[in-house]
file coords37.txt (compact mmCIF, C-alpha atoms)
# COMPACT_ATOMS: atom_id res chain seq x y z
CA MET P 206 -11.44 11.12 -9.96
CA LEU P 207 -12.13 13.00 -13.17
CA ALA P 208 -15.55 11.41 -13.62
CA ASP P 209 -16.41 12.22 -9.99
CA ALA P 210 -15.43 15.85 -10.72
CA GLY P 211 -17.86 15.92 -13.66
CA ILE P 212 -15.24 15.69 -16.40
CA ASP P 213 -16.06 13.44 -19.36
CA VAL P 214 -13.00 11.44 -20.33
CA ALA P 215 -12.13 8.41 -22.41
CA ILE P 216 -9.42 6.17 -21.01
CA VAL P 217 -6.75 5.29 -23.56
CA PRO P 218 -3.73 3.16 -22.54
CA ALA P 219 -0.47 5.01 -23.11
CA ASN P 220 1.74 1.93 -23.59
CA VAL P 221 4.83 3.70 -22.26
CA ASP P 222 7.89 1.70 -21.23
CA GLU P 223 8.49 3.10 -17.75
CA SER P 224 11.70 1.16 -17.15
CA THR P 225 13.86 3.56 -19.20
CA ALA P 226 12.63 6.59 -17.28
CA LYS P 227 13.09 4.80 -13.96
CA THR P 228 16.74 4.10 -14.72
CA SER P 229 17.56 7.58 -16.02
CA ALA P 230 15.53 9.97 -13.85
CA ALA P 231 15.70 10.89 -10.23
CA ASP P 232 13.04 9.48 -7.98
CA GLY P 233 10.00 11.29 -6.70
CA GLN P 234 8.44 14.24 -8.39
CA PRO P 235 10.86 14.55 -11.36
CA LEU P 236 10.17 10.93 -12.29
CA ALA P 237 6.40 11.29 -11.84
CA LEU P 238 6.49 14.37 -14.10
CA GLU P 239 8.57 12.59 -16.73
CA LEU P 240 6.17 9.63 -16.78
CA ALA P 241 3.04 11.81 -16.85
CA CYS P 242 4.44 13.76 -19.81
CA ALA P 243 5.51 10.57 -21.62
CA LYS P 244 2.03 9.10 -21.23
CA ALA P 245 0.30 12.28 -22.41
CA LEU P 246 2.63 12.52 -25.42
CA ALA P 247 2.21 8.86 -26.37
CA VAL P 248 -1.57 9.21 -26.58
CA SER P 249 -1.40 12.68 -28.14
CA ALA P 250 0.66 11.25 -31.01
CA GLN P 251 -2.28 8.95 -31.78
CA ARG P 252 -4.95 11.60 -31.19
CA PRO P 253 -3.35 14.99 -32.02
CA ALA P 254 -6.66 16.92 -32.16
CA ASP P 255 -7.60 15.91 -28.62
CA TRP P 256 -6.44 17.28 -25.30
CA ILE P 257 -4.76 14.41 -23.47
CA ILE P 258 -4.24 14.05 -19.73
CA GLY P 259 -1.36 11.87 -18.55
CA SER P 260 -0.60 11.15 -14.91
CA ASP P 261 1.64 9.02 -12.75
CA SER P 262 2.72 8.58 -9.14
CA THR P 263 5.85 7.45 -7.39
CA VAL P 264 6.57 6.30 -3.85
CA SER P 265 9.92 6.47 -2.13
CA VAL P 266 11.02 5.69 1.40
CA ASP P 267 14.49 6.58 2.66
CA GLY P 268 15.55 7.33 -0.93
CA ARG P 269 14.42 3.93 -2.26
CA LEU P 270 11.95 4.06 -5.13
CA PHE P 271 9.21 1.43 -5.03
CA ASP P 272 7.32 -0.16 -7.91
CA LYS P 273 3.86 -1.66 -7.75
CA PRO P 274 4.06 -5.00 -5.96
CA LEU P 275 4.32 -8.03 -8.23
CA SER P 276 2.72 -10.43 -5.76
CA ARG P 277 1.06 -10.54 -2.37
CA GLU P 278 4.40 -11.43 -0.74
CA ASP P 279 6.02 -8.50 -2.56
CA ALA P 280 3.24 -6.28 -1.16
CA ALA P 281 4.00 -7.58 2.34
CA ASP P 282 7.69 -6.78 1.80
CA HIS P 283 6.73 -3.24 0.73
CA LEU P 284 4.66 -2.77 3.87
CA ARG P 285 7.51 -4.04 6.05
CA ALA P 286 9.84 -1.52 4.37
CA PHE P 287 7.32 1.30 4.92
CA SER P 288 6.65 0.40 8.56
CA GLY P 289 7.62 3.20 10.96
CA ARG P 290 9.08 5.32 8.16
CA THR P 291 8.15 8.38 6.14
CA MET P 292 6.80 7.83 2.64
CA GLN P 293 7.16 10.45 -0.07
CA LEU P 294 4.29 10.07 -2.55
CA SER P 295 4.68 12.21 -5.66
CA SER P 296 1.94 12.58 -8.23
CA ALA P 297 2.09 14.46 -11.50
CA VAL P 298 -0.23 15.34 -14.33
CA ALA P 299 0.41 16.67 -17.84
CA LEU P 300 -1.77 18.06 -20.62
CA ALA P 301 -0.76 17.45 -24.21
CA ASN P 302 -2.27 18.62 -27.47
CA GLY P 303 -1.01 18.25 -31.01
CA GLY P 304 1.85 16.04 -29.89
CA CYS P 305 3.27 18.63 -27.45
CA VAL P 306 3.06 18.96 -23.70
CA ASP P 307 1.18 22.19 -23.01
CA TRP P 308 1.16 22.08 -19.20
CA GLN P 309 2.53 19.93 -16.39
CA TYR P 310 2.34 19.93 -12.63
CA GLY P 311 3.60 17.74 -9.82
CA GLU P 312 3.51 17.73 -6.07
CA THR P 313 4.59 15.54 -3.21
CA ALA P 314 2.74 14.43 -0.11
CA THR P 315 4.48 13.15 3.01
CA LEU P 316 2.89 10.21 4.78
CA SER P 317 4.14 8.92 8.13
CA VAL P 318 3.59 5.17 8.23
CA ARG P 319 2.95 3.88 11.71
CA PRO P 320 4.79 0.75 12.88
CA LEU P 321 3.02 -2.22 11.30
CA SER P 322 2.92 -5.62 12.97
CA GLU P 323 3.17 -8.84 10.98
CA SER P 324 -0.38 -9.73 12.06
CA PHE P 325 -1.67 -6.37 10.84
CA ILE P 326 0.12 -6.76 7.48
CA ALA P 327 -1.33 -10.27 7.02
CA ALA P 328 -4.88 -9.21 7.93
CA TYR P 329 -4.63 -6.05 5.81
CA LEU P 330 -3.51 -7.96 2.71
CA GLU P 331 -6.14 -10.65 3.33
CA ARG P 332 -8.74 -7.92 3.07
CA GLU P 333 -7.19 -5.65 0.44
CA TRP P 334 -5.30 -7.93 -1.96
CA PRO P 335 -5.43 -7.89 -5.01
CA ALA P 336 -6.99 -4.39 -5.17
CA VAL P 337 -3.88 -2.74 -3.65
CA GLY P 338 -1.66 -4.58 -6.13
CA TYR P 339 -2.37 -1.77 -8.58
CA CYS P 340 -1.17 0.86 -6.09
CA VAL P 341 2.51 1.68 -5.78
CA GLY P 342 2.08 2.47 -2.08
CA VAL P 343 0.05 -0.72 -1.47
CA PHE P 344 -2.91 1.25 -0.12
CA ARG P 345 -6.18 2.85 -1.07
CA MET P 346 -6.64 5.96 1.05
CA GLU P 347 -10.40 5.78 0.55
CA GLY P 348 -10.44 2.37 2.26
CA PRO P 349 -8.60 0.49 5.02
CA GLY P 350 -5.28 1.84 3.72
CA VAL P 351 -5.84 4.95 5.80
CA GLN P 352 -4.99 2.76 8.83
CA LEU P 353 -1.35 2.58 7.69
CA PHE P 354 -0.65 6.17 8.69
CA ASP P 355 -0.09 8.33 11.77
CA ARG P 356 0.22 11.65 9.92
CA ILE P 357 -0.36 12.90 6.39
CA GLN P 358 0.81 16.18 4.90
CA GLY P 359 -0.28 17.10 1.41
CA SER P 360 -3.21 17.15 -0.95
CA HIS P 361 -5.77 14.38 -0.65
CA PHE P 362 -6.02 14.25 -4.46
CA THR P 363 -2.26 13.93 -4.85
CA ILE P 364 -2.38 10.96 -2.50
CA LEU P 365 -5.21 9.46 -4.56
CA GLY P 366 -2.95 9.68 -7.63
CA MET P 367 -3.36 13.03 -9.36
CA PRO P 368 -3.04 16.71 -8.39
CA LEU P 369 -6.69 17.29 -9.33
CA LEU P 370 -7.22 20.92 -8.29
CA PRO P 371 -4.29 22.29 -10.37
CA LEU P 372 -5.47 20.16 -13.31
CA LEU P 373 -9.00 21.55 -13.08
CA GLY P 374 -7.52 25.07 -13.06
CA ALA P 375 -5.46 24.30 -16.17
CA LEU P 376 -8.53 22.89 -17.95
CA ARG P 377 -10.55 26.01 -17.05
CA HIS P 378 -7.71 28.29 -18.17
CA ARG P 379 -7.74 26.61 -21.60
CA GLY P 380 -11.54 26.80 -21.92
CA LEU P 381 -11.88 23.01 -21.79
CA ILE P 382 -14.30 23.12 -18.85
CA ALA P 383 -16.61 25.85 -17.62
CA ALA P 384 -14.97 28.63 -15.64

call {"tool": "encode", "arguments": {"input": "coords37.txt", "output": "structure tokens"}}
result
Amino acid sequence: MLADAGIDVAIVPANVDESTAKTSAADGQPLALELACAKALAVSAQRPADWIIGSDSTVSVDGRLFDKPLSREDAADHLRAFSGRTMQLSSAVALANGGCVDWQYGETATLSVRPLSESFIAAYLEREWPAVGYCVGVFRMEGPGVQLFDRIQGSHFTILGMPLLPLLGALRHRGLIAA
């Protein structure tokens, strides 16, 4: 997303243990914010002179927080649990510099998953697995994953995994990209 927006970035793994945050934080946006900040801080500690962007997303349905699927069968179970329900997809982004979080932002999109048949789930995963294994919601909106939904409310970029427009504003405000 950042490269498509004309932002030069280097990708540096954050190596953050997410399990602690997932057991101590609420679901949804507070958890996404906590993880985005933790990732930005982890990399900022290694590169204190650089501005670091950390981001994360969470998915919950009926109050249940979902992790990325561990297997194709796990992905099918996720899709069964989403079927006919409303998904809350929260994405967050944080900027860190000098080992401190300077800015953070999160938002939530609401996605109404249509009822999914077993045959649809099987055909969908045949086509999309393993690519959707890296996606907590088991979909790529820019591909066949759009067929999972009846209605979507919220920012397209948030659904893709990062509240991009607020981030671009924060980068402009700090003089990190042209205004």

call {"tool": "atom_distance", "arguments": {"input": "coords37.txt", "atom1": "CA of Leu373 in chain P", "atom2": "CA of Gly211 in chain P"}}
result
10.5 Å

call {"tool": "atom_distance", "arguments": {"input": "coords37.txt", "atom1": "CA of Ser317 in chain P", "atom2": "CA of Leu240 in chain P"}}
result
25.0 Å

call {"tool": "residues_around", "arguments": {"input": "coords37.txt", "residues": "range 293-303 of chain P", "least_positions_apart": "6", "cutoff": "7 Å", "atoms": "only C-alpha atoms", "output": "number ranges by chain"}}
result
P: 233-234, 237-238, 241-242, 245-246, 249, 253-266, 309-316, 363-364, 366-368

call {"tool": "atom_distance", "arguments": {"input": "coords37.txt", "atom1": "CA of Arg345 in chain P", "atom2": "CA of Glu239 in chain P"}}
result
23.6 Å

call {"tool": "closest_residue", "arguments": {"input": "coords37.txt", "among": "P:Leu376, P:Ala215, P:Leu275, P:Ala281", "to": "Glu331 in chain P", "atoms": "only C-alpha atoms"}}
result
P:Ala281

call {"tool": "closest_residue", "arguments": {"input": "coords37.txt", "among": "P:Leu321, P:Ala280, P:Ala247, P:Ala383", "to": "Phe344 in chain P", "atoms": "all atoms listed in the file"}}
result
P:Ala280

call {"tool": "closest_residue", "arguments": {"input": "coords37.txt", "among": "P:Trp308, P:Tyr339, P:Phe362, P:Phe287", "to": "Met206 in chain P", "atoms": "only C-alpha atoms"}}
result
P:Phe362

call {"tool": "residues_around", "arguments": {"input": "coords37.txt", "residues": "Ser322 in chain P", "least_positions_apart": "5", "cutoff": "10 Å", "atoms": "only C-alpha atoms", "output": "count of residues only"}}
result
5

call {"tool": "closest_residue", "arguments": {"input": "coords37.txt", "among": "P:Glu323, P:Val337, P:Gly350, P:Ile212", "to": "Leu372 in chain P", "atoms": "all atoms listed in the file"}}
result
P:Ile212

call {"tool": "closest_residue", "arguments": {"input": "coords37.txt", "among": "P:Val306, P:Ile357, P:Met346, P:Ala219", "to": "Val318 in chain P", "atoms": "all atoms listed in the file"}}
result
P:Ile357

call {"tool": "closest_residue", "arguments": {"input": "coords37.txt", "among": "P:Ala210, P:Arg319, P:Pro218, P:Glu347", "to": "Leu370 in chain P", "atoms": "all atoms listed in the file"}}
result
P:Ala210

call {"tool": "build_atoms", "arguments": {"input": "coords37.txt", "residues": "range 214-239 of chain P", "atoms": "N, CA and C atoms", "output": "CSV table (one decimal), in the coordinates of the input"}}
result
chain,number,residue,atom,x,y,z
P,214,VAL,N,-14.3,11.9,-19.8
P,214,VAL,CA,-13.0,11.4,-20.3
P,214,VAL,C,-13.2,10.1,-20.9
P,215,ALA,N,-12.3,9.8,-21.9
P,215,ALA,CA,-12.1,8.4,-22.4
P,215,ALA,C,-10.8,7.9,-22.0
P,216,ILE,N,-10.7,6.7,-21.5
P,216,ILE,CA,-9.4,6.2,-21.0
P,216,ILE,C,-8.8,5.4,-22.2
P,217,VAL,N,-7.5,5.9,-22.5
P,217,VAL,CA,-6.8,5.3,-23.6
P,217,VAL,C,-5.4,4.9,-23.0
P,218,PRO,N,-5.0,3.6,-23.1
P,218,PRO,CA,-3.7,3.2,-22.5
P,218,PRO,C,-2.6,3.9,-23.3
P,219,ALA,N,-1.6,4.3,-22.5
P,219,ALA,CA,-0.5,5.0,-23.1
P,219,ALA,C,0.6,4.1,-23.7
P,220,ASN,N,0.7,2.9,-23.1
P,220,ASN,CA,1.7,1.9,-23.6
P,220,ASN,C,3.1,2.5,-23.6
P,221,VAL,N,3.5,3.1,-22.4
P,221,VAL,CA,4.8,3.7,-22.3
P,221,VAL,C,5.7,2.7,-21.5
P,222,ASP,N,6.9,2.5,-22.0
P,222,ASP,CA,7.9,1.7,-21.2
P,222,ASP,C,8.5,2.6,-20.1
P,223,GLU,N,8.1,2.3,-18.9
P,223,GLU,CA,8.5,3.1,-17.8
P,223,GLU,C,9.9,2.8,-17.3
P,224,SER,N,10.4,1.6,-17.7
P,224,SER,CA,11.7,1.2,-17.2
P,224,SER,C,12.8,2.1,-17.5
P,225,THR,N,12.8,2.6,-18.8
P,225,THR,CA,13.9,3.6,-19.2
P,225,THR,C,13.9,4.8,-18.3
P,226,ALA,N,12.7,5.4,-18.1
P,226,ALA,CA,12.6,6.6,-17.3
P,226,ALA,C,13.1,6.3,-15.9
P,227,LYS,N,12.7,5.1,-15.3
P,227,LYS,CA,13.1,4.8,-14.0
P,227,LYS,C,14.6,4.6,-13.8
P,228,THR,N,15.3,4.3,-14.8
P,228,THR,CA,16.7,4.1,-14.7
P,228,THR,C,17.5,5.4,-15.0
P,229,SER,N,16.9,6.4,-15.7
P,229,SER,CA,17.6,7.6,-16.0
P,229,SER,C,17.2,8.8,-15.2
P,230,ALA,N,16.0,8.8,-14.6
P,230,ALA,CA,15.5,10.0,-13.8
P,230,ALA,C,15.7,9.8,-12.3
P,231,ALA,N,15.7,10.9,-11.7
P,231,ALA,CA,15.7,10.9,-10.2
P,231,ALA,C,14.4,10.3,-9.8
P,232,ASP,N,14.3,10.0,-8.5
P,232,ASP,CA,13.0,9.5,-8.0
P,232,ASP,C,12.1,10.6,-7.7
P,233,GLY,N,10.9,10.3,-7.2
P,233,GLY,CA,10.0,11.3,-6.7
P,233,GLY,C,9.4,12.1,-7.8
P,234,GLN,N,9.2,13.4,-7.5
P,234,GLN,CA,8.4,14.2,-8.4
P,234,GLN,C,9.0,14.4,-9.8
P,235,PRO,N,10.3,14.5,-10.0
P,235,PRO,CA,10.9,14.6,-11.4
P,235,PRO,C,10.5,13.3,-12.2
P,236,LEU,N,10.5,12.2,-11.6
P,236,LEU,CA,10.2,10.9,-12.3
P,236,LEU,C,8.7,10.9,-12.6
P,237,ALA,N,7.8,11.3,-11.6
P,237,ALA,CA,6.4,11.3,-11.8
P,237,ALA,C,6.1,12.2,-13.0
P,238,LEU,N,6.7,13.4,-13.0
P,238,LEU,CA,6.5,14.4,-14.1
P,238,LEU,C,6.9,13.8,-15.5
P,239,GLU,N,8.1,13.2,-15.5
P,239,GLU,CA,8.6,12.6,-16.7
P,239,GLU,C,7.6,11.5,-17.3
